[in-house]
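Below is coords_21.cif, which holds mmCIF, C-alpha atoms.
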```cif
data_coords
#
loop_
_atom_site.label_atom_id
_atom_site.label_comp_id
_atom_site.auth_asym_id
_atom_site.auth_seq_id
_atom_site.Cartn_x
_atom_site.Cartn_y
_atom_site.Cartn_z
CA MET V 1 0.00 0.00 0.00
CA SER V 2 1.41 3.40 -0.92
CA ASP V 3 1.12 6.53 1.21
CA GLU V 4 -0.09 9.50 -0.78
CA GLU V 5 1.53 12.00 1.58
CA ASP V 6 5.16 11.05 1.05
CA GLY V 7 5.11 8.50 -1.74
CA GLY V 8 6.41 5.75 0.56
CA SER V 9 4.98 2.32 1.19
CA LEU V 10 3.07 0.90 4.11
CA TYR V 11 3.49 -2.76 4.95
CA VAL V 12 0.09 -3.73 6.34
CA LEU V 13 0.06 -5.80 9.53
CA THR V 14 -3.60 -5.72 10.49
CA ALA V 15 -6.78 -3.68 10.24
CA VAL V 16 -9.83 -2.94 12.37
CA LEU V 17 -13.19 -1.32 11.79
CA LEU V 18 -14.17 2.07 13.16
CA THR V 19 -17.96 2.21 12.71
CA PRO V 20 -20.89 3.12 14.98
CA ALA V 21 -21.48 -0.59 15.62
CA GLN V 22 -17.87 -1.71 15.98
CA PHE V 23 -14.80 0.22 17.09
CA PRO V 24 -11.75 -0.39 19.30
CA ALA V 25 -12.62 0.11 22.98
CA VAL V 26 -9.33 1.95 23.55
CA LEU V 27 -10.64 4.89 21.53
CA GLY V 28 -13.73 5.91 23.47
CA ASP V 29 -17.14 5.24 25.00
CA ASP V 30 -18.93 5.83 21.70
CA PHE V 31 -18.29 6.29 18.00
CA PRO V 32 -18.00 10.11 17.97
CA GLU V 33 -15.52 9.97 20.87
CA ALA V 34 -13.48 7.31 19.08
CA CYS V 35 -13.37 9.45 15.93
CA ALA V 36 -12.38 12.53 17.92
CA HIS V 37 -9.48 10.57 19.42
CA LEU V 38 -8.14 10.13 15.88
CA GLY V 39 -9.06 13.61 14.69
CA VAL V 40 -11.59 12.52 12.06
CA GLU V 41 -15.25 13.40 11.61
CA PRO V 42 -17.83 10.82 12.79
CA ALA V 43 -19.05 9.90 9.30
CA ALA V 44 -22.13 7.68 9.45
CA GLU V 45 -20.54 4.97 7.30
CA GLY V 46 -17.44 4.85 9.49
CA TYR V 47 -13.87 4.03 8.57
CA GLY V 48 -11.30 1.29 8.40
CA LEU V 49 -8.05 1.56 10.34
CA VAL V 50 -5.04 0.03 8.62
CA LEU V 51 -2.02 -0.54 10.87
CA GLY V 52 1.42 -1.10 9.40
CA GLN V 53 5.04 -0.05 9.08
CA ASP V 54 6.83 2.09 6.55
CA GLU V 55 10.12 1.15 4.89
CA GLU V 56 12.05 2.39 7.93
CA GLY V 57 9.96 0.36 10.36
CA ALA V 58 7.96 3.31 11.73
CA ARG V 59 4.45 2.61 13.01
CA TRP V 60 1.54 4.20 11.12
CA THR V 61 -2.23 4.07 11.37
CA VAL V 62 -3.98 4.92 8.12
CA VAL V 63 -7.67 5.87 8.27
CA VAL V 64 -9.57 5.00 5.09
CA ASP V 65 -13.22 5.49 4.16
CA ASP V 66 -13.48 2.25 2.15
CA VAL V 67 -15.14 0.31 4.97
CA SER V 68 -16.25 -2.57 2.74
CA LEU V 69 -12.70 -3.27 1.59
CA VAL V 70 -11.35 -3.37 5.14
CA ALA V 71 -14.27 -5.53 6.32
CA ALA V 72 -13.60 -8.00 3.50
CA ALA V 73 -9.92 -8.20 4.44
CA ILE V 74 -10.73 -8.81 8.12
CA ALA V 75 -13.27 -11.51 7.25
CA SER V 76 -10.77 -13.24 4.97
CA TRP V 77 -8.00 -13.16 7.57
CA ASP V 78 -10.37 -14.53 10.21
CA CYS V 79 -11.00 -17.49 7.90
CA GLY V 80 -7.29 -18.04 7.33
CA ILE V 81 -7.44 -16.74 3.76
CA GLU V 82 -4.74 -14.43 2.42
CA TYR V 83 -5.96 -11.00 1.40
CA ASP V 84 -3.86 -8.18 -0.03
CA LEU V 85 -5.27 -5.09 1.66
CA SER V 86 -4.27 -2.19 -0.59
CA PRO V 87 -6.75 0.69 -0.30
CA ASP V 88 -6.78 3.24 -3.08
CA GLU V 89 -4.91 6.42 -2.14
CA ARG V 90 -8.10 8.38 -2.79
CA THR V 91 -9.76 6.59 0.14
CA ILE V 92 -7.14 7.75 2.66
CA VAL V 93 -8.64 10.18 5.17
CA ALA V 94 -5.64 10.51 7.50
CA SER V 95 -2.21 8.97 8.11
CA LEU V 96 -1.41 9.05 11.83
CA ALA V 97 1.88 8.24 13.51
CA GLY V 98 1.86 5.29 15.91
CA TRP V 99 -0.60 2.51 16.65
CA PRO V 100 -3.53 2.79 19.09
CA LEU V 101 -3.46 -0.99 19.63
CA GLU V 102 -0.81 -3.36 20.94
CA LEU V 103 0.65 -5.49 18.12
CA THR V 104 3.16 -8.28 18.61
CA VAL V 105 3.90 -8.76 14.92
CA SER V 106 6.21 -6.85 12.60
CA THR V 107 7.29 -6.82 8.98
CA ALA V 108 10.22 -9.07 8.10
CA GLY V 109 13.21 -7.45 6.47
CA ILE V 110 12.75 -3.92 7.82
CA PRO V 111 13.77 -2.30 11.14
CA GLU V 112 11.88 -3.15 14.33
CA PRO V 113 8.62 -1.24 14.94
CA HIS V 114 9.18 2.23 16.37
CA ASP V 115 7.30 5.50 16.48
CA PRO V 116 8.22 8.14 13.92
CA GLN V 117 9.32 11.51 15.21
CA GLN V 118 6.58 13.59 16.80
CA GLY V 119 4.89 15.70 14.16
CA ALA V 120 5.91 13.38 11.33
CA ASP V 121 2.24 13.01 10.36
CA GLY V 122 1.71 16.76 10.20
CA THR V 123 -0.59 16.88 13.22
CA GLY V 124 2.03 17.89 15.79
CA ARG V 125 0.55 15.36 18.22
CA VAL V 126 2.33 12.60 20.10
CA PRO V 127 2.17 9.31 18.14
CA LEU V 128 -0.72 7.01 18.95
CA ALA V 129 0.10 4.36 21.54
CA PRO V 130 -1.74 1.49 23.23
CA PRO V 131 -2.91 2.06 26.81
CA SER V 132 -0.74 1.17 29.77
CA ALA V 133 -1.49 -2.10 31.52
CA ASP V 134 -0.29 -0.67 34.82
CA ALA V 135 -3.24 1.67 35.39
CA TRP V 136 -7.01 1.39 35.73
CA GLY V 137 -9.26 3.86 34.03
CA PRO V 138 -11.91 4.21 31.32
CA VAL V 139 -9.83 2.42 28.68
CA GLN V 140 -9.04 -0.58 30.89
CA ARG V 141 -12.65 -0.70 32.05
CA ARG V 142 -13.92 -0.88 28.45
CA LEU V 143 -11.31 -3.48 27.51
CA GLY V 144 -12.40 -5.56 30.50
CA ALA V 145 -16.01 -5.48 29.29
CA ASP V 146 -14.86 -6.57 25.83
CA GLN V 147 -12.98 -9.48 27.37
CA ILE V 148 -16.08 -10.64 29.25
CA ALA V 149 -18.06 -10.52 26.00
CA ARG V 150 -15.43 -12.74 24.31
CA GLU V 151 -15.29 -15.18 27.23
CA TRP V 152 -18.98 -15.17 28.00
CA ALA V 153 -19.34 -18.89 28.77
CA ASP V 154 -16.63 -18.74 31.43
CA TRP V 155 -18.01 -15.60 33.03
CA ARG V 156 -21.56 -16.92 32.89
CA GLU V 157 -20.51 -19.84 35.07
CA ARG V 158 -19.07 -17.47 37.65
CA VAL V 159 -22.40 -15.85 38.39
CA ALA V 160 -23.32 -17.06 41.89
CA GLN V 161 -26.71 -16.52 43.48
CA ASP V 162 -25.40 -14.56 46.47
CA GLY V 163 -22.70 -12.74 44.51
CA GLY V 164 -25.23 -11.28 42.14
CA ALA V 165 -27.57 -10.26 44.90
CA ALA V 166 -24.75 -8.51 46.75
CA ALA V 167 -23.62 -6.72 43.64
CA ALA V 168 -27.15 -5.46 43.04
CA ALA V 169 -26.85 -3.33 46.17
CA HIS V 170 -23.68 -1.56 45.03
CA PRO V 171 -24.38 2.18 44.60
CA GLY V 172 -22.15 2.39 41.53
CA LEU V 173 -24.06 -0.43 39.89
CA ALA V 174 -27.39 1.22 40.64
CA ARG V 175 -26.10 4.43 39.05
CA ALA V 176 -24.88 2.60 35.95
CA LEU V 177 -28.18 0.78 35.45
CA GLU V 178 -30.12 4.01 35.91
CA GLU V 179 -27.98 5.82 33.37
CA ALA V 180 -28.32 2.88 30.98
CA ALA V 181 -32.10 3.11 31.37
CA GLY V 182 -31.79 6.77 30.44
CA TYR V 183 -30.52 5.72 27.00
CA VAL V 184 -33.93 4.17 26.35
CA ARG V 185 -35.68 7.46 27.14
CA GLN V 186 -33.22 9.65 25.22
CA ALA V 187 -31.06 8.28 22.43
CA PRO V 188 -27.34 8.31 23.31
CA PRO V 189 -24.49 9.09 20.86
CA PRO V 190 -24.01 6.43 18.15
CA GLY V 191 -22.16 3.39 19.45
CA ARG V 192 -22.82 4.10 23.13
CA VAL V 193 -25.11 1.02 23.07
CA ARG V 194 -24.28 -1.80 20.67
CA SER V 195 -25.95 -5.13 19.93
CA ALA V 196 -24.39 -8.13 18.20
CA PHE V 197 -25.57 -11.63 17.35
CA ALA V 198 -24.73 -14.19 20.04
CA ASP V 199 -27.00 -17.19 19.47
CA GLU V 200 -30.42 -18.03 18.11
CA GLY V 201 -32.70 -15.35 19.54
CA VAL V 202 -29.98 -13.99 21.81
CA ARG V 203 -27.99 -10.77 21.46
CA THR V 204 -24.84 -9.56 23.19
CA LEU V 205 -25.19 -6.01 24.49
CA ARG V 206 -22.42 -3.52 25.18
CA ALA V 207 -23.16 -0.17 26.75
CA ASP V 208 -20.84 2.48 28.16
CA GLY V 209 -21.29 5.66 30.12
CA PRO V 210 -19.37 8.07 32.34
CA GLY V 211 -17.36 5.77 34.59
CA TRP V 212 -19.09 2.47 33.72
CA SER V 213 -19.37 -0.30 31.14
CA LEU V 214 -22.05 -2.96 30.85
CA VAL V 215 -21.90 -6.26 29.00
CA ALA V 216 -24.87 -8.62 28.93
CA ARG V 217 -26.91 -11.04 26.92
CA THR V 218 -30.62 -10.59 26.41
CA GLY V 219 -32.49 -12.80 28.86
CA GLY V 220 -29.30 -13.51 30.80
CA PRO V 221 -27.03 -11.94 33.39
CA ALA V 222 -25.26 -8.61 33.16
CA PHE V 223 -21.78 -7.57 34.22
CA VAL V 224 -20.83 -4.01 35.09
CA LEU V 225 -17.34 -2.57 35.45
CA LEU V 226 -16.73 0.75 37.17
CA ASP V 227 -13.89 3.24 37.14
CA GLU V 228 -14.23 3.39 40.92
CA GLU V 229 -13.67 -0.38 41.28
CA PRO V 230 -10.25 -1.11 39.75
CA GLY V 231 -10.23 -4.60 38.26
CA GLY V 232 -13.61 -5.41 39.78
CA VAL V 233 -16.58 -6.96 38.00
CA LEU V 234 -20.10 -6.63 39.41
CA SER V 235 -22.53 -9.32 38.28
CA VAL V 236 -26.32 -9.27 38.21
CA PRO V 237 -28.02 -12.64 37.59
CA GLY V 238 -30.58 -12.86 34.85
CA GLU V 239 -34.21 -13.84 34.99
CA GLY V 240 -34.87 -16.83 37.21
CA GLU V 241 -31.55 -16.39 39.05
CA ALA V 242 -32.64 -14.01 41.82
CA GLY V 243 -31.55 -11.08 39.68
CA LEU V 244 -32.99 -7.60 39.61
CA PRO V 245 -36.60 -8.03 38.44
CA GLU V 246 -36.31 -5.18 35.93
CA LEU V 247 -33.02 -6.38 34.40
CA SER V 248 -34.53 -8.44 31.59
CA ARG V 249 -36.82 -5.56 30.62
CA LEU V 250 -33.91 -3.13 30.64
CA LEU V 251 -31.78 -5.36 28.43
CA ALA V 252 -34.63 -5.84 25.95
CA ALA V 253 -35.17 -2.08 25.83
CA LEU V 254 -31.47 -1.40 25.32
CA ASP V 255 -31.41 -3.91 22.48
CA GLY V 256 -34.20 -1.93 20.88
CA VAL V 257 -32.16 1.30 20.76
CA ALA V 258 -28.73 -0.27 20.16
CA THR V 259 -26.58 0.22 17.08
CA ARG V 260 -26.25 -3.03 15.12
CA PRO V 261 -23.76 -4.16 12.49
CA ALA V 262 -24.99 -3.61 8.95
#
```
What does the file become when written as structure tokens?
Amino acid sequence: MSDEEDGGSLYVLTAVLLTPAQFPAVLGDDFPEACAHLGVEPAAEGYGLVLGQDEEGARWTVVVDDVSLVAAAIASWDCGIEYDLSPDERTIVASLAGWPLELTVSTAGIPEPHDPQQGADGTGRVPLAPPSADAWGPVQRRLGADQIAREWADWRERVAQDGGAAAAAHPGLARALEEAAGYVRQAPPPGRVRSAFADEGVRTLRADGPGWSLVARTGGPAFVLLDEEPGGVLSVPGEGEAGLPELSRLLAALDGVATRPA
């Protein structure tokens, strides 16, 4: 892939989607916030983020507006199929120094990955970098919720009758559920509530707000992570498990206002 700004080449390592329904948790609580983190407008169709190295090994994140192309590449890679991701230069929206995500791969035959000099991308900003693992804050909280969604079966088994009931009394949890209910009454920014297919008739829900993240499955339990509880996970059993009686109704209502993949 060539870079229209300096005529160099980018050796693509991976790519991710930045759309209202799917975006890296490290970038924000919702789609507009994620776009603002990268300095791009929250276009309704979204973007693709292409992460790679230039000929000198420097890390670059290229934002492109050809979402379909990036989605096709990701789907192919997930199936173990080779795919040459080479977006047209006309689709490039921004070329940003650094990577917002942690990558453990690199391009053979060129120098080890390193950040280009500050300002090399013309923005004057510090190169993008993945979050620190040594701190707890909004980014780590959102990443924790994403991990629970990926490992749902394991976390589902951890829901104990008394643990859920105790968590239900936590003031931070009550605040998070109340704010989540507010999204049903007044639509939140795009991507603040997202719904994805989980199983026949079941959806996985992700919702975020100031200081909290929620991950749940319709008809099942919910897990809430709080900025004020470093590393902690509060669980609320689902229907029939001594959970909050209004939980199932709340999850169904959130699913009704959630952003869904196209």
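Of the listed residues V:Gly209, V:Gly119, V:Pro221, V:Pro188, the one whose atoms come nearest to V:Gly172 is V:Gly209, with distances taken using all atoms listed in the file.
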Just so the selection is clear, what residues does the PyMOL selection byres ((chain V and resi 141-154) around 8) cover here, as a PyMOL selection string?
-> chain V and resi 25-26+29+136-140+155-158+204+206+208+212-216+223-227+231
Where does the PyMOL selection byres ((chain V and resi 84) around 9) land in this file, that is, which residues does it pick, as JSON, numbers by chain?
-> {"V": [12, 73, 82, 83, 85, 86]}
Which residue, V:Ala198, V:Ala180, V:Leu17, V:Ala97, has the smallest gap to V:Thr123 when you use only C-alpha atoms?
->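 Checking each candidate against V:Thr123, we get V:Ala97 as the closest.
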Run the PyMOL selection byres ((chain V and resi 260) around 10) mentally over the shown coordinates, then write out the matched residues as an mmCIF file with C-alpha atoms, in the frame of the given file, using the chain letters and numbers from the document.
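Dumped everything to result18.cif:
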```cif
data_model
loop_
_atom_site.group_PDB
_atom_site.id
_atom_site.type_symbol
_atom_site.label_atom_id
_atom_site.label_comp_id
_atom_site.auth_asym_id
_atom_site.auth_seq_id
_atom_site.Cartn_x
_atom_site.Cartn_y
_atom_site.Cartn_z
ATOM 1 C CA PRO V 20 -20.890 3.120 14.980
ATOM 2 C CA ALA V 21 -21.480 -0.590 15.620
ATOM 3 C CA GLN V 22 -17.870 -1.710 15.980
ATOM 4 C CA GLY V 191 -22.160 3.390 19.450
ATOM 5 C CA VAL V 193 -25.110 1.020 23.070
ATOM 6 C CA ARG V 194 -24.280 -1.800 20.670
ATOM 7 C CA SER V 195 -25.950 -5.130 19.930
ATOM 8 C CA ALA V 196 -24.390 -8.130 18.200
ATOM 9 C CA PHE V 197 -25.570 -11.630 17.350
ATOM 10 C CA LEU V 205 -25.190 -6.010 24.490
ATOM 11 C CA ASP V 255 -31.410 -3.910 22.480
ATOM 12 C CA GLY V 256 -34.200 -1.930 20.880
ATOM 13 C CA VAL V 257 -32.160 1.300 20.760
ATOM 14 C CA ALA V 258 -28.730 -0.270 20.160
ATOM 15 C CA THR V 259 -26.580 0.220 17.080
ATOM 16 C CA PRO V 261 -23.760 -4.160 12.490
ATOM 17 C CA ALA V 262 -24.990 -3.610 8.950
#
```
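Minimum distance to V:Leu103 across V:Leu49, V:Val40, V:Val63, V:Leu13 (counting all atoms listed in the file) occurs at V:Leu13.
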Interatomic distance, atom CA of V:Thr61 to atom CA of V:Cys79 (Å, one decimal) =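 Going from atom CA of V:Thr61 over to atom CA of V:Cys79 covers 23.5 Å.
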Between atom CA of V:Glu228 and atom CA of V:Ala169, distance in Å (one decimal) =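 Going from atom CA of V:Glu228 over to atom CA of V:Ala169, I get 15.2 Å.
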Fewer than 5 positions away in the same chain doesn't count, so skip those; otherwise give me all residues within 12 Å of V:Gly109, counting all atoms listed in the file, as a ChimeraX atom specification.
-> /V:11,53-57
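In terms of minimum interatomic distance to V:Glu178, V:Glu246 ranks closest within V:Ser235, V:Gly124, V:Ala135, V:Glu246, counting all atoms listed in the file.
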